[in-house]
Structures are given as structure tokens and as C-alpha cells.
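The data block below is my_file.txt; it holds compact mmCIF, C-alpha atoms.
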```txt
# COMPACT_ATOMS: atom_id res chain seq x y z
CA MET A 620 -8.00 -2.21 -34.70
CA ASN A 621 -6.60 -5.71 -34.78
CA GLU A 622 -9.15 -8.04 -36.31
CA GLU A 623 -7.95 -11.04 -34.33
CA LEU A 624 -8.30 -9.04 -31.13
CA ASP A 625 -11.84 -8.03 -32.04
CA SER A 626 -12.67 -11.62 -32.89
CA GLN A 627 -11.41 -12.67 -29.49
CA LEU A 628 -13.45 -9.92 -27.87
CA SER A 629 -16.59 -11.14 -29.61
CA ALA A 630 -15.92 -14.72 -28.50
CA MET A 631 -15.19 -13.58 -24.95
CA PHE A 632 -18.43 -11.65 -24.86
CA ASP A 633 -20.22 -14.89 -25.69
CA ASP A 634 -18.18 -16.80 -23.11
CA GLU A 635 -16.68 -18.87 -25.91
CA LEU A 636 -13.03 -17.92 -25.54
CA PRO A 637 -10.52 -20.36 -23.98
CA SER A 638 -9.65 -19.57 -20.39
CA ALA A 639 -6.00 -18.64 -21.03
CA GLU A 640 -6.97 -16.17 -23.75
CA CYS A 641 -9.67 -14.79 -21.50
CA GLU A 642 -7.14 -13.94 -18.83
CA LEU A 643 -5.02 -11.96 -21.27
CA LEU A 644 -7.94 -10.23 -22.92
CA ALA A 645 -9.58 -9.38 -19.60
CA ARG A 646 -6.40 -7.60 -18.61
CA ARG A 647 -6.40 -5.58 -21.80
CA LEU A 648 -10.13 -4.95 -21.69
CA SER A 649 -9.92 -3.40 -18.26
CA ARG A 650 -7.40 -0.81 -19.51
CA ASP A 651 -8.22 -0.24 -23.17
CA GLU A 652 -11.06 2.28 -23.39
CA PRO A 653 -11.82 1.85 -27.13
CA LEU A 654 -11.97 -1.90 -26.58
CA LYS A 655 -14.24 -1.38 -23.60
CA ALA A 656 -16.51 0.89 -25.67
CA ARG A 657 -16.73 -1.79 -28.34
CA TRP A 658 -17.57 -4.33 -25.65
CA GLY A 659 -20.34 -2.02 -24.45
CA ARG A 660 -21.73 -1.72 -27.99
CA TYR A 661 -21.80 -5.51 -28.28
CA ALA A 662 -24.06 -5.46 -25.21
CA VAL A 663 -26.25 -2.82 -26.86
CA ILE A 664 -26.54 -4.97 -30.00
CA GLY A 665 -27.67 -7.93 -27.92
CA ALA A 666 -30.22 -5.84 -26.04
CA ALA A 667 -31.54 -4.37 -29.28
CA VAL A 668 -31.82 -7.79 -30.95
CA ARG A 669 -33.72 -9.13 -27.96
CA ALA A 670 -35.94 -6.03 -28.13
CA GLU A 671 -35.58 -5.37 -24.44
CA ARG A 672 -38.47 -2.97 -24.23
CA GLY A 673 -38.48 -0.38 -21.52
CA VAL A 674 -34.71 -0.48 -21.29
CA ARG A 675 -32.92 2.60 -22.47
CA LEU A 676 -30.11 1.43 -24.67
CA SER A 677 -28.28 4.62 -23.83
CA ALA A 678 -28.31 3.61 -20.17
CA ARG A 679 -25.88 5.61 -18.11
CA VAL A 680 -25.63 3.06 -15.35
CA ALA A 681 -22.11 1.99 -16.28
CA GLY A 682 -20.77 5.54 -16.11
CA ARG A 683 -22.44 6.22 -12.79
CA VAL A 684 -21.26 2.95 -11.26
CA SER A 685 -17.75 3.61 -12.49
CA ALA A 686 -17.78 7.07 -10.90
CA VAL A 687 -18.88 5.68 -7.54
CA ILE A 688 -16.40 2.82 -7.59
CA SER A 689 -13.49 5.00 -8.59
CA ALA A 690 -13.92 6.83 -5.29
CA GLU A 691 -13.78 3.56 -3.34
CA PRO A 692 -10.69 1.61 -2.31
CA ALA A 693 -9.62 -1.17 -4.64
CA LEU A 694 -10.32 -4.74 -3.61
CA ALA A 695 -6.69 -5.82 -3.92
CA GLY A 696 -5.90 -8.87 -1.85
CA THR A 697 -9.35 -9.16 -0.36
CA ALA A 698 -10.58 -12.10 -2.39
CA MET A 699 -11.88 -14.78 -0.08
CA SER A 700 -9.96 -17.99 -0.34
CA PRO A 701 -11.87 -21.28 -0.17
CA ARG A 702 -10.46 -22.05 3.26
CA SER A 703 -11.13 -18.66 4.78
CA GLY A 704 -14.16 -18.31 6.94
CA PRO A 705 -16.10 -15.59 8.67
CA PHE A 706 -13.20 -14.98 11.07
CA ALA A 707 -10.73 -14.53 8.26
CA SER A 708 -10.48 -10.76 8.42
CA ARG A 709 -11.19 -9.96 12.00
CA TRP A 710 -9.66 -7.98 14.82
CA TRP A 711 -6.85 -10.37 15.64
CA ARG A 712 -5.11 -9.98 12.31
CA PRO A 713 -3.08 -6.88 13.27
CA ILE A 714 -2.18 -8.46 16.62
CA ALA A 715 -1.05 -11.63 14.90
CA GLY A 716 1.06 -9.55 12.56
CA ALA A 717 2.68 -7.74 15.47
CA ALA A 718 3.31 -11.05 17.22
CA VAL A 719 5.02 -12.46 14.16
CA ALA A 720 7.13 -9.33 13.82
CA ALA A 721 8.12 -9.51 17.50
CA GLY A 722 9.02 -13.19 17.12
CA VAL A 723 11.22 -12.46 14.15
CA ALA A 724 12.91 -9.63 16.03
CA ALA A 725 13.56 -11.82 19.09
CA ALA A 726 14.95 -14.60 16.92
CA SER A 727 17.21 -12.09 15.18
CA VAL A 728 18.57 -10.82 18.52
CA LEU A 729 19.24 -14.33 19.75
CA TRP A 730 20.92 -15.26 16.50
CA LEU A 731 23.10 -12.17 16.55
CA ARG A 732 24.13 -12.83 20.14
CA SER A 733 24.92 -16.43 19.32
CA GLN A 734 27.05 -15.16 16.46
CA VAL A 735 28.90 -12.73 18.73
CA LEU A 736 29.64 -15.04 21.63
CA PRO A 737 31.23 -17.98 19.77
CA GLU A 738 33.35 -15.52 17.84
CA SER A 739 34.44 -13.94 21.10
CA ALA A 740 35.27 -17.35 22.47
CA SER A 741 37.30 -18.21 19.41
CA LEU A 742 39.14 -14.93 19.72
CA ILE A 743 39.93 -15.74 23.28
CA THR A 744 41.33 -19.01 22.11
CA GLN A 745 43.27 -17.36 19.33
CA ALA A 746 44.65 -14.82 21.72
CA SER A 747 45.68 -17.54 24.11
CA ILE A 748 47.36 -19.68 21.52
CA PRO A 749 50.35 -17.39 20.89
CA ALA A 750 50.97 -17.20 24.58
CA THR A 751 51.11 -20.91 24.75
CA VAL A 752 53.17 -21.32 21.65
CA ALA A 753 55.45 -18.44 22.31
CA ALA A 754 55.99 -19.25 25.91
CA PRO A 755 59.59 -20.30 25.86
CA SER A 756 60.91 -23.07 27.89
CA PRO A 757 63.82 -22.15 30.10
CA VAL A 758 66.17 -24.00 27.77
CA SER A 759 64.88 -22.27 24.69
CA THR A 760 67.41 -20.46 22.56
CA ALA A 761 64.90 -18.94 20.21
CA GLU A 762 65.77 -15.73 18.51
CA PRO A 763 64.46 -12.72 20.37
CA ASP A 764 62.18 -11.41 17.58
CA SER A 765 60.73 -14.69 16.62
CA TYR A 766 57.77 -14.85 18.92
CA VAL A 767 54.42 -14.35 17.50
CA VAL A 768 52.64 -11.08 17.98
CA PRO A 769 48.97 -11.82 18.11
CA GLN A 770 46.59 -9.82 16.05
CA THR A 771 44.90 -7.08 17.96
CA PRO A 772 41.55 -8.43 19.01
CA GLU A 773 39.86 -5.02 19.26
CA ARG A 774 39.26 -4.76 15.53
CA ARG A 775 37.57 -8.11 15.41
CA VAL A 776 35.50 -7.36 18.48
CA VAL A 777 34.11 -4.18 16.96
CA VAL A 778 32.57 -5.90 13.94
CA PRO A 779 29.89 -7.95 15.67
CA SER A 780 29.24 -5.19 18.18
CA THR A 781 28.66 -2.72 15.38
CA GLU A 782 26.30 -5.11 13.69
CA LEU A 783 24.42 -5.52 16.89
CA ALA A 784 24.38 -1.79 17.55
CA ASN A 785 23.09 -1.12 14.07
CA TYR A 786 20.41 -3.69 14.57
CA VAL A 787 19.37 -2.16 17.89
CA VAL A 788 19.14 1.30 16.34
CA ALA A 789 17.11 -0.03 13.45
CA HIS A 790 14.88 -1.97 15.77
CA SER A 791 14.33 1.00 18.07
CA GLU A 792 12.66 2.85 15.22
CA PHE A 793 9.82 0.36 15.32
CA SER A 794 9.80 -0.95 18.89
CA SER A 795 7.98 0.47 21.86
CA PRO A 796 10.06 2.39 24.45
CA VAL A 797 9.85 -0.46 27.00
CA THR A 798 10.99 -3.04 24.49
CA ARG A 799 13.68 -0.72 23.26
CA ARG A 800 14.98 -0.18 26.81
CA ASN A 801 15.06 -3.93 27.44
CA LEU A 802 16.88 -4.54 24.22
CA LEU A 803 19.39 -1.79 24.90
CA SER A 804 19.95 -3.18 28.37
CA ALA A 805 20.57 -6.60 26.92
CA PHE A 806 22.92 -5.11 24.39
CA MET A 807 24.84 -3.20 27.05
CA ALA A 808 25.10 -6.31 29.16
CA SER A 809 26.36 -8.39 26.29
CA GLU A 810 28.76 -5.63 25.30
CA SER A 811 30.27 -5.38 28.77
CA GLY A 812 30.49 -9.15 29.01
CA THR A 813 32.24 -9.35 25.70
CA ALA A 814 34.62 -6.56 26.61
CA GLY A 815 35.42 -8.27 29.87
CA ALA A 816 36.16 -11.48 28.15
CA PHE A 817 38.59 -9.79 25.84
CA ALA A 818 40.14 -7.78 28.63
CA GLY A 819 40.89 -11.06 30.30
CA SER A 820 42.14 -12.56 27.10
CA GLU A 821 44.83 -9.97 26.65
CA GLU A 822 46.52 -10.71 29.93
CA PRO A 823 48.08 -14.01 28.90
CA VAL A 824 49.48 -12.30 25.83
CA GLU A 825 51.25 -9.74 27.90
CA ASP A 826 52.42 -12.46 30.16
CA ALA A 827 53.69 -14.39 27.23
CA GLN A 828 55.51 -11.36 25.89
CA ASP A 829 57.02 -10.74 29.26
CA ASN A 830 57.97 -14.33 29.47
CA ALA A 831 59.51 -14.17 26.03
CA LYS A 832 61.50 -11.08 26.94
CA THR A 833 62.71 -12.55 30.11
CA THR A 834 64.16 -15.42 28.22
CA GLN A 835 66.16 -13.22 25.95
CA MET B 145 -16.06 -24.51 -23.11
CA SER B 146 -16.58 -24.01 -19.40
CA ALA B 147 -19.37 -21.62 -18.62
CA ASP B 148 -18.75 -18.17 -17.20
CA VAL B 149 -15.03 -18.30 -17.82
CA SER B 150 -14.90 -14.81 -19.31
CA ASP B 151 -16.89 -13.29 -16.46
CA LEU B 152 -14.75 -15.14 -13.96
CA SER B 153 -11.55 -13.82 -15.48
CA LEU B 154 -12.93 -10.28 -15.14
CA VAL B 155 -14.16 -10.98 -11.62
CA ARG B 156 -10.74 -12.23 -10.55
CA ARG B 157 -9.17 -9.08 -11.90
CA VAL B 158 -11.59 -6.95 -9.89
CA GLN B 159 -10.82 -8.99 -6.79
CA ARG B 160 -7.15 -8.22 -7.35
CA GLY B 161 -7.91 -4.50 -7.42
CA ASP B 162 -8.54 -3.83 -11.11
CA LYS B 163 -11.58 -1.55 -11.13
CA GLY B 164 -11.54 -1.29 -14.92
CA ALA B 165 -12.53 -4.93 -15.17
CA PHE B 166 -15.70 -4.17 -13.24
CA ASP B 167 -16.63 -1.55 -15.84
CA ALA B 168 -16.63 -4.32 -18.43
CA LEU B 169 -18.97 -6.42 -16.30
CA VAL B 170 -21.34 -3.48 -15.82
CA LEU B 171 -21.31 -2.69 -19.54
CA LYS B 172 -22.13 -6.27 -20.33
CA TYR B 173 -24.99 -6.70 -17.89
CA GLN B 174 -26.52 -3.27 -17.34
CA HIS B 175 -29.33 -3.77 -19.86
CA LYS B 176 -30.18 -7.22 -18.61
CA LEU B 177 -30.22 -6.01 -15.05
CA ILE B 178 -32.41 -3.01 -15.80
CA LYS B 179 -34.82 -5.26 -17.60
CA LEU B 180 -34.84 -7.57 -14.61
CA VAL B 181 -35.46 -4.74 -12.14
CA MET B 182 -38.30 -3.44 -14.26
CA ARG B 183 -40.35 -6.40 -13.14
CA TYR B 184 -40.52 -4.62 -9.80
CA VAL B 185 -40.63 -0.92 -10.61
CA ARG B 186 -42.38 0.96 -13.37
CA ASN B 187 -40.10 3.85 -14.01
CA PRO B 188 -37.00 3.12 -16.16
CA ALA B 189 -35.09 5.88 -14.38
CA GLU B 190 -35.90 4.24 -11.05
CA ALA B 191 -34.89 0.88 -12.49
CA GLU B 192 -31.56 2.36 -13.51
CA ASP B 193 -31.06 3.68 -9.98
CA ILE B 194 -31.78 0.26 -8.51
CA ALA B 195 -29.53 -1.44 -11.04
CA GLN B 196 -26.79 1.02 -10.16
CA GLU B 197 -27.24 0.25 -6.47
CA ALA B 198 -27.15 -3.47 -7.20
CA PHE B 199 -23.90 -3.14 -9.13
CA ILE B 200 -22.29 -1.16 -6.32
CA LYS B 201 -23.45 -3.72 -3.76
CA ALA B 202 -22.03 -6.45 -5.96
CA TYR B 203 -18.70 -4.65 -6.20
CA ARG B 204 -18.47 -4.31 -2.44
CA ALA B 205 -19.45 -7.95 -1.92
CA LEU B 206 -17.13 -9.25 -4.62
CA PRO B 207 -14.42 -10.36 -2.16
CA GLN B 208 -16.94 -12.92 -0.89
CA PHE B 209 -17.74 -14.21 -4.39
CA ARG B 210 -16.02 -17.56 -4.83
CA GLY B 211 -17.26 -18.48 -8.26
CA ASP B 212 -19.44 -21.34 -7.04
CA SER B 213 -22.21 -19.97 -9.24
CA ALA B 214 -22.09 -17.94 -12.42
CA PHE B 215 -21.39 -14.26 -11.86
CA TYR B 216 -24.66 -13.20 -13.45
CA THR B 217 -26.64 -15.61 -11.26
CA TRP B 218 -25.03 -14.05 -8.22
CA LEU B 219 -25.62 -10.54 -9.56
CA TYR B 220 -29.21 -11.46 -10.40
CA ARG B 221 -29.91 -12.36 -6.77
CA ILE B 222 -28.41 -9.12 -5.52
CA ALA B 223 -30.50 -7.12 -8.00
CA ILE B 224 -33.72 -8.93 -7.05
CA ASN B 225 -33.13 -8.29 -3.36
CA THR B 226 -32.23 -4.67 -4.00
CA ALA B 227 -35.36 -4.18 -6.07
CA LYS B 228 -37.57 -5.84 -3.46
CA ASN B 229 -36.08 -3.71 -0.70
CA ALA B 230 -36.57 -0.59 -2.80
CA VAL B 231 -40.20 -1.48 -3.38
CA VAL B 232 -40.80 -2.18 0.29
CA SER B 233 -39.04 0.96 1.45
CA ARG B 234 -41.05 3.08 -0.92
CA ASP B 235 -44.24 1.30 0.05
CA ARG B 236 -45.13 0.37 -3.45
CA SER B 237 -46.64 -2.75 -4.82
CA PRO B 238 -44.27 -4.64 -7.06
CA VAL B 239 -45.19 -4.93 -10.69
CA GLU B 240 -45.72 -8.61 -11.35
CA TYR B 241 -45.23 -8.43 -15.08
CA ASP B 242 -42.51 -10.54 -16.56
CA LEU B 243 -41.58 -9.28 -19.98
CA ASP B 244 -40.01 -12.62 -20.78
CA ARG B 245 -43.33 -14.39 -20.67
CA ASN B 246 -45.14 -15.00 -23.87
CA ASN B 247 -48.24 -12.97 -23.38
CA PRO B 248 -48.29 -10.39 -26.17
CA ASP B 249 -51.26 -8.46 -24.86
CA GLU B 250 -49.84 -7.97 -21.38
CA SER B 251 -46.39 -7.24 -22.72
CA TYR B 252 -47.74 -4.68 -25.14
CA ASP B 253 -49.72 -2.96 -22.43
CA MET B 254 -46.73 -2.98 -20.13
CA GLN B 255 -44.42 -1.70 -22.81
CA ALA B 256 -46.76 1.17 -23.51
CA ARG B 257 -46.83 2.11 -19.84
CA LEU B 258 -43.07 1.86 -19.58
CA LYS B 259 -42.55 3.98 -22.64
CA ASP B 260 -44.79 6.67 -21.23
CA SER B 261 -42.42 7.20 -18.35
CA GLU B 262 -39.24 7.39 -20.39
CA THR B 263 -37.57 10.66 -21.12
CA PRO B 264 -37.91 11.84 -24.73
CA GLU B 265 -34.15 11.84 -25.28
CA GLY B 266 -33.71 8.31 -24.05
CA LEU B 267 -36.68 7.17 -26.07
CA VAL B 268 -35.47 8.75 -29.31
CA LEU B 269 -31.98 7.37 -28.91
CA THR B 270 -33.25 3.95 -27.93
CA ASP B 271 -35.58 3.82 -30.92
CA GLU B 272 -32.83 4.97 -33.24
CA ILE B 273 -30.46 2.37 -31.88
CA ARG B 274 -33.04 -0.35 -32.31
CA SER B 275 -33.89 0.64 -35.83
CA THR B 276 -30.20 0.89 -36.72
CA VAL B 277 -29.44 -2.54 -35.32
CA ASN B 278 -32.43 -4.09 -37.01
CA ALA B 279 -31.58 -2.49 -40.33
CA ALA B 280 -27.98 -3.66 -40.03
CA ILE B 281 -29.12 -7.21 -39.30
CA GLU B 282 -31.46 -7.17 -42.26
CA ALA B 283 -28.57 -6.11 -44.48
CA LEU B 284 -26.36 -8.98 -43.34
CA PRO B 285 -25.70 -12.02 -45.54
CA GLU B 286 -27.90 -14.93 -44.60
CA ASP B 287 -25.25 -16.99 -42.81
CA LEU B 288 -24.13 -14.06 -40.66
CA ARG B 289 -27.69 -13.05 -39.83
CA THR B 290 -28.64 -16.57 -38.81
CA ALA B 291 -25.57 -16.93 -36.64
CA ILE B 292 -26.08 -13.65 -34.76
CA VAL B 293 -29.79 -14.20 -34.28
CA LEU B 294 -29.29 -17.73 -32.98
CA ARG B 295 -26.72 -16.37 -30.59
CA GLU B 296 -28.39 -13.18 -29.35
CA LEU B 297 -32.06 -14.06 -29.64
CA GLU B 298 -32.04 -17.79 -28.94
CA GLY B 299 -29.01 -17.80 -26.68
CA LEU B 300 -27.43 -20.84 -28.31
CA SER B 301 -23.81 -21.74 -27.70
CA TYR B 302 -21.33 -21.78 -30.57
CA GLU B 303 -21.41 -25.56 -30.55
CA GLU B 304 -25.19 -25.61 -30.82
CA ILE B 305 -25.12 -23.05 -33.60
CA ALA B 306 -22.46 -25.08 -35.42
CA ALA B 307 -24.72 -28.13 -35.21
CA ALA B 308 -27.72 -26.13 -36.40
CA MET B 309 -25.85 -24.55 -39.29
CA ASP B 310 -23.80 -27.66 -40.08
CA CYS B 311 -20.45 -25.91 -39.96
CA PRO B 312 -17.37 -25.88 -37.72
CA VAL B 313 -17.38 -23.97 -34.45
CA GLY B 314 -14.59 -21.75 -35.77
CA THR B 315 -16.81 -20.69 -38.62
CA VAL B 316 -19.58 -19.81 -36.20
CA ARG B 317 -17.20 -17.69 -34.20
CA SER B 318 -16.09 -15.91 -37.35
CA ARG B 319 -19.63 -15.34 -38.57
CA ILE B 320 -20.80 -13.90 -35.28
CA PHE B 321 -17.79 -11.66 -35.12
CA ARG B 322 -18.30 -10.39 -38.65
CA ALA B 323 -21.99 -9.82 -38.00
CA ARG B 324 -21.18 -7.79 -34.90
CA GLU B 325 -18.58 -5.79 -36.76
CA ALA B 326 -21.07 -4.86 -39.46
CA ILE B 327 -23.72 -3.86 -36.91
CA ASP B 328 -21.21 -2.04 -34.75
CA HIS B 329 -20.04 -0.01 -37.73
CA ARG B 330 -23.59 1.32 -38.17
CA LEU B 331 -24.07 1.74 -34.44
CA ARG B 332 -20.97 3.88 -34.03
CA GLU B 333 -22.42 6.35 -36.48
CA VAL B 334 -25.49 6.72 -34.29
CA PHE B 335 -23.53 7.27 -31.12
CA GLU B 336 -20.82 9.44 -32.56
CA GLY B 337 -22.67 11.42 -35.16
CA GLY B 338 -26.38 10.77 -35.11
CA LEU B 339 -27.52 12.26 -31.85
CA GLY B 340 -24.20 13.32 -30.44
CA ARG B 341 -24.64 11.37 -27.26
CA ALA B 342 -21.95 8.77 -27.54
CA GLU B 343 -20.89 9.51 -23.99
CA GLU B 344 -24.20 8.14 -22.75
CA LEU B 345 -23.14 4.64 -23.66
CA GLY B 346 -21.28 4.20 -20.54
```

For the structure just supplied, provide its representation as C-alpha cells.
Amino acid sequence: MNEELDSQLSAMFDDELPSAECELLARRLSRDEPLKARWGRYAVIGAAVRAERGVRLSARVAGRVSAVISAEPALAGTAMSPRSGPFASRWWRPIAGAAVAAGVAAASVLWLRSQVLPESASLITQASIPATVAAPSPVSTAEPDSYVVPQTPERRVVVPSTELANYVVAHSEFSSPVTRRNLLSAFMASESGTAGAFAGSEEPVEDAQDNAKTTQ
Amino acid sequence: MSADVSDLSLVRRVQRGDKGAFDALVLKYQHKLIKLVMRYVRNPAEAEDIAQEAFIKAYRALPQFRGDSAFYTWLYRIAINTAKNAVVSRDRSPVEYDLDRNNPDESYDMQARLKDSETPEGLVLTDEIRSTVNAAIEALPEDLRTAIVLRELEGLSYEEIAAAMDCPVGTVRSRIFRAREAIDHRLREVFEGGLGRAEELG
């Protein structure tokens, strides 16, 4: 065994090892069985030197305690912080967690909707622009094929709707039926509103094309 | 050196879910705790049971331990309360003897009574361990023997031992380590070969 490591172990046993080294060695000590056995023998040496009469130096307490504790849940994350009080781990914790989760979900829905609507509005504008630009004046002598064909808006409409639909499906796995129904209703409403907006937006394009053709 | 830093580093590991770190704390303090509990109960086996219960209570209460006091001080209080409750629940009068006190006659009498209630196996092994440790200490060079005795028997810090022995603290650390290594070498033979009960260590 590493002599330096054993020297550190001896110093740690006496509480004479610097804090940073203690942290590292404590980690190793908790996992290294031979090191732990050596640590236990250091305790036996101390007890024997102090002639602790009536104490069995072959005490089996450590083994029995270890057996009991191994059947218990670990204490991970349960250390009390200085600011925590008697109400730190009470009944309201799960409710608070659910409330936070619901808040995040609501914020996500609102954000997604805000992302969808401005994009729809911009598409409306984009769809309208060619009509305006392409609308020929009666004196125009533009070439027949020169008018701008706007990009089909359907493809761009599908993207945010799909994102929203995916979100709703993912959310429905965790939400209650009532919440899920409300969210689906909101989604349907926003979907129909969006579709209506684009349905209206296509009309000027057709008009513009008609206008362009009539000028030919 | 800040006090209790090694215990605290183990305690923090336990609080983060490392059960193995608690084993190290139990190994370190089981003998002290049994000795403490034996102020209240006569039977060493009963004292071991109470010490075991105290350790388990300490483990379960460890999330509430903030490190305001030394770990052993905190554990000490748990053990005392556990022992008192055990005495009350079993309707026995506590034994008022304190083996730390300097009264050789009382201590001798008490030790004899305590020994009577030990199991033969535990007694033989304990006596063999004691004689092995004592023989190993006697065989140590003077500077190593003085260092380990000042540490284990007198409870001096490394700094105090360095002042007493007129040497650097690093030398004290090295001497104590080398003394322990020499004793441990002899002790391993007892546990592994002598009586074949190495597993009883922990």
C-alpha cells in the first residue's frame, strides 16, 4: 500500500490532516475496504493503548450498524442547510414543485403562441407584398411572366403548428385530463385562427394574379 | 488545524448519500461509545446493543447535524440519551461508575465485574489484542513510542507533541504513522491468523 496514503490516513485519524486532503481521503476511505480495515485497526490500537477495560476490542458494532444502514435509503440531498428550518421538508414541497412545473408549462405555451402569431402576421404581410408590387397599373407594359409568384405560405404555417402540436402531445403525457382538454382547445382555437388568417391572406394574391393577367 | 475536520468531511459525505463514510465513523468511535455506554449498563453485550442503536439514531438524524459542534460531541449526547432510555425502559438502576476517574480500587472492582459478563471468545481476543499492542509498543524505538503514547494516551495534538519532543510537526506525524504501522503489522497477524476472527473487527 502507498506509504504516503497510509501516512495521510494516520494523520486524518488524529484530525491532523488539512481539510482539502481530508475531503479526498474521506472519499477514498468510504470505498476502499482495505483502507477502511486499516482505519478500524488504528481505532483498536488507540483503545488498547488507553486500556479501555470492559470494551471488547473485537466489537462487532460496526458490522451490525453497516448491515442495518445498508437496508435504509441513502441521505442524499437531505442535509439541512443553515437557512432551512423546521418547515423545510414539509407537505407543501410537492405542491410547490407542481406549481412551478405548471408555471413553466403555461409560460412555454404563451411563448410558443407569441412565436406563432407574429410569424403568421409577417407571412400575411409577405403574402400581401407581391400583390401590391405586382399589381400593374393600367399603363404598365410589363412582360407577362415577370410578376412575382409568392412562396406558398402553407409550408411555413406548418412549422410552428407542428412545434405546438408536438408540445401539446408531450405536455399531455404529464398533464391532467382537464388541463389537457383546455390546452387542446386553446391549440385548436389558435390553429383555426391561424388558418383563417392565411386563408384571408391568399385572396389578395389571387387577385393580384388575376389583375396581372388581365393586364396582359 | 481546525478541530473535527476529518470527521466533518466524512459526515458531509454521509449527508450526500455515501453510506461507506459512516462505516468509517463507526469504526473510529465504536470503542469509545461502548466505553461511554458502560457507565450505564453492566453487560458489554448490552452496551454494544445500545451503542449500535445510538449509531443508527445518529445516522438517521445526520441530516439535521450542521457541524456546530464536533461530531463526537453530538454522537456522545445521542449515546447518553439512548443509554438512559434503555436503563429506564428496562427498569434498572444506572451504574454510576466512571472508568475515566482516577479511583483504582473502584475501577478494578468494576473491571472485574465487567469481565465476568464477557463472553470467553471476546475476552480471549481482547486480551490477545491488548497484549499484542502493548508488546508492539514496547518494541518501538523510543521516539516512536513516546509520540504514539502522547497521542493515544494523553490525547495531545501534533503541535503539542512537537513542542514536548522539540521537533517539527511533520516529524511527529511521521513518527506516529510509523509507530502505528509497526503495531498494525503485529495486529494483523492476530486478526488474520491468530484466532481466525478477523471478520469480527467490523

Legend entry - For Arg660 (chain A): contacts at 12 Å, all atoms listed in the file, fewer than 4 positions along chain excluded, given as a VMD selection string: (chain A and resid 628 to 629 632 653 to 656 664 to 667 676 to 678) or (chain B and resid 168 171 to 175 273 277 324 to 335 342 to 346)

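With only C-alpha atoms as the atoms that count, the residue of B:Arg210, B:Arg234, B:Arg289, B:Lys201 with the shortest distance to chain A is B:Arg210.
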
Legend entry - Separation of CA of Asn229 (chain B) from CA of Ala205 (chain B), in Å and rounded to one decimal: 17.2 Å

Legend entry - Test item: chain A residues at most 6 Å from chain B, counting all atoms listed in the file, as a ChimeraX atom specification: /A:626,629,631,634,641-642,645,649,659,662,665,667,669,673,675-677,679-682,684,693-699

Please produce an output containing C-alpha atoms for each residue in the selection, written as a JSON list (two decimals), in the coordinates of the input.
```
[["chain", "number", "residue", "atom", "x", "y", "z"],
["A", 626, "SER", "CA", -12.67, -11.62, -32.89],
["A", 629, "SER", "CA", -16.59, -11.14, -29.61],
["A", 631, "MET", "CA", -15.19, -13.58, -24.95],
["A", 634, "ASP", "CA", -18.18, -16.80, -23.11],
["A", 641, "CYS", "CA", -9.67, -14.79, -21.50],
["A", 642, "GLU", "CA", -7.14, -13.94, -18.83],
["A", 645, "ALA", "CA", -9.58, -9.38, -19.60],
["A", 649, "SER", "CA", -9.92, -3.40, -18.26],
["A", 659, "GLY", "CA", -20.34, -2.02, -24.45],
["A", 662, "ALA", "CA", -24.06, -5.46, -25.21],
["A", 665, "GLY", "CA", -27.67, -7.93, -27.92],
["A", 667, "ALA", "CA", -31.54, -4.37, -29.28],
["A", 669, "ARG", "CA", -33.72, -9.13, -27.96],
["A", 673, "GLY", "CA", -38.48, -0.38, -21.52],
["A", 675, "ARG", "CA", -32.92, 2.60, -22.47],
["A", 676, "LEU", "CA", -30.11, 1.43, -24.67],
["A", 677, "SER", "CA", -28.28, 4.62, -23.83],
["A", 679, "ARG", "CA", -25.88, 5.61, -18.11],
["A", 680, "VAL", "CA", -25.63, 3.06, -15.35],
["A", 681, "ALA", "CA", -22.11, 1.99, -16.28],
["A", 682, "GLY", "CA", -20.77, 5.54, -16.11],
["A", 684, "VAL", "CA", -21.26, 2.95, -11.26],
["A", 693, "ALA", "CA", -9.62, -1.17, -4.64],
["A", 694, "LEU", "CA", -10.32, -4.74, -3.61],
["A", 695, "ALA", "CA", -6.69, -5.82, -3.92],
["A", 696, "GLY", "CA", -5.90, -8.87, -1.85],
["A", 697, "THR", "CA", -9.35, -9.16, -0.36],
["A", 698, "ALA", "CA", -10.58, -12.10, -2.39],
["A", 699, "MET", "CA", -11.88, -14.78, -0.08]]
```

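For the choices B:Thr226, B:Asp310, B:Trp218, B:Thr315, the atom-to-atom distance to Ala630 (chain A) is smallest for B:Thr315 when using all atoms listed in the file.
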
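Between CA of Ser638 (chain A) and CA of Val663 (chain A) the separation is 24.5 Å.
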
Output as a PDB file, in the frame of the given file: region 189-200 of chain B, completed with N, CA and C atoms.
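Final output, part_38.pdb:
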```pdb
ATOM      1  N   ALA B 189     -36.132   5.132 -15.099  1.00  0.00           N
ATOM      2  CA  ALA B 189     -35.090   5.880 -14.380  1.00  0.00           C
ATOM      3  C   ALA B 189     -34.886   5.272 -12.988  1.00  0.00           C
ATOM      4  N   GLU B 190     -35.994   4.878 -12.367  1.00  0.00           N
ATOM      5  CA  GLU B 190     -35.900   4.240 -11.050  1.00  0.00           C
ATOM      6  C   GLU B 190     -35.211   2.875 -11.172  1.00  0.00           C
ATOM      7  N   ALA B 191     -35.541   2.175 -12.248  1.00  0.00           N
ATOM      8  CA  ALA B 191     -34.890   0.880 -12.490  1.00  0.00           C
ATOM      9  C   ALA B 191     -33.386   1.042 -12.671  1.00  0.00           C
ATOM     10  N   GLU B 192     -33.002   2.101 -13.342  1.00  0.00           N
ATOM     11  CA  GLU B 192     -31.560   2.360 -13.510  1.00  0.00           C
ATOM     12  C   GLU B 192     -30.905   2.640 -12.160  1.00  0.00           C
ATOM     13  N   ASP B 193     -31.622   3.392 -11.308  1.00  0.00           N
ATOM     14  CA  ASP B 193     -31.060   3.680  -9.980  1.00  0.00           C
ATOM     15  C   ASP B 193     -30.870   2.388  -9.181  1.00  0.00           C
ATOM     16  N   ILE B 194     -31.863   1.522  -9.259  1.00  0.00           N
ATOM     17  CA  ILE B 194     -31.780   0.260  -8.510  1.00  0.00           C
ATOM     18  C   ILE B 194     -30.679  -0.635  -9.089  1.00  0.00           C
ATOM     19  N   ALA B 195     -30.598  -0.650 -10.412  1.00  0.00           N
ATOM     20  CA  ALA B 195     -29.530  -1.440 -11.040  1.00  0.00           C
ATOM     21  C   ALA B 195     -28.158  -0.907 -10.640  1.00  0.00           C
ATOM     22  N   GLN B 196     -28.056   0.404 -10.593  1.00  0.00           N
ATOM     23  CA  GLN B 196     -26.790   1.020 -10.160  1.00  0.00           C
ATOM     24  C   GLN B 196     -26.454   0.596  -8.733  1.00  0.00           C
ATOM     25  N   GLU B 197     -27.457   0.647  -7.869  1.00  0.00           N
ATOM     26  CA  GLU B 197     -27.240   0.250  -6.470  1.00  0.00           C
ATOM     27  C   GLU B 197     -26.838  -1.223  -6.385  1.00  0.00           C
ATOM     28  N   ALA B 198     -27.470  -2.044  -7.207  1.00  0.00           N
ATOM     29  CA  ALA B 198     -27.150  -3.470  -7.200  1.00  0.00           C
ATOM     30  C   ALA B 198     -25.707  -3.715  -7.655  1.00  0.00           C
ATOM     31  N   PHE B 199     -25.289  -2.995  -8.661  1.00  0.00           N
ATOM     32  CA  PHE B 199     -23.900  -3.140  -9.130  1.00  0.00           C
ATOM     33  C   PHE B 199     -22.903  -2.721  -8.042  1.00  0.00           C
ATOM     34  N   ILE B 200     -23.214  -1.639  -7.370  1.00  0.00           N
ATOM     35  CA  ILE B 200     -22.290  -1.160  -6.320  1.00  0.00           C
ATOM     36  C   ILE B 200     -22.252  -2.153  -5.158  1.00  0.00           C
TER      37      ILE B 200
END
```
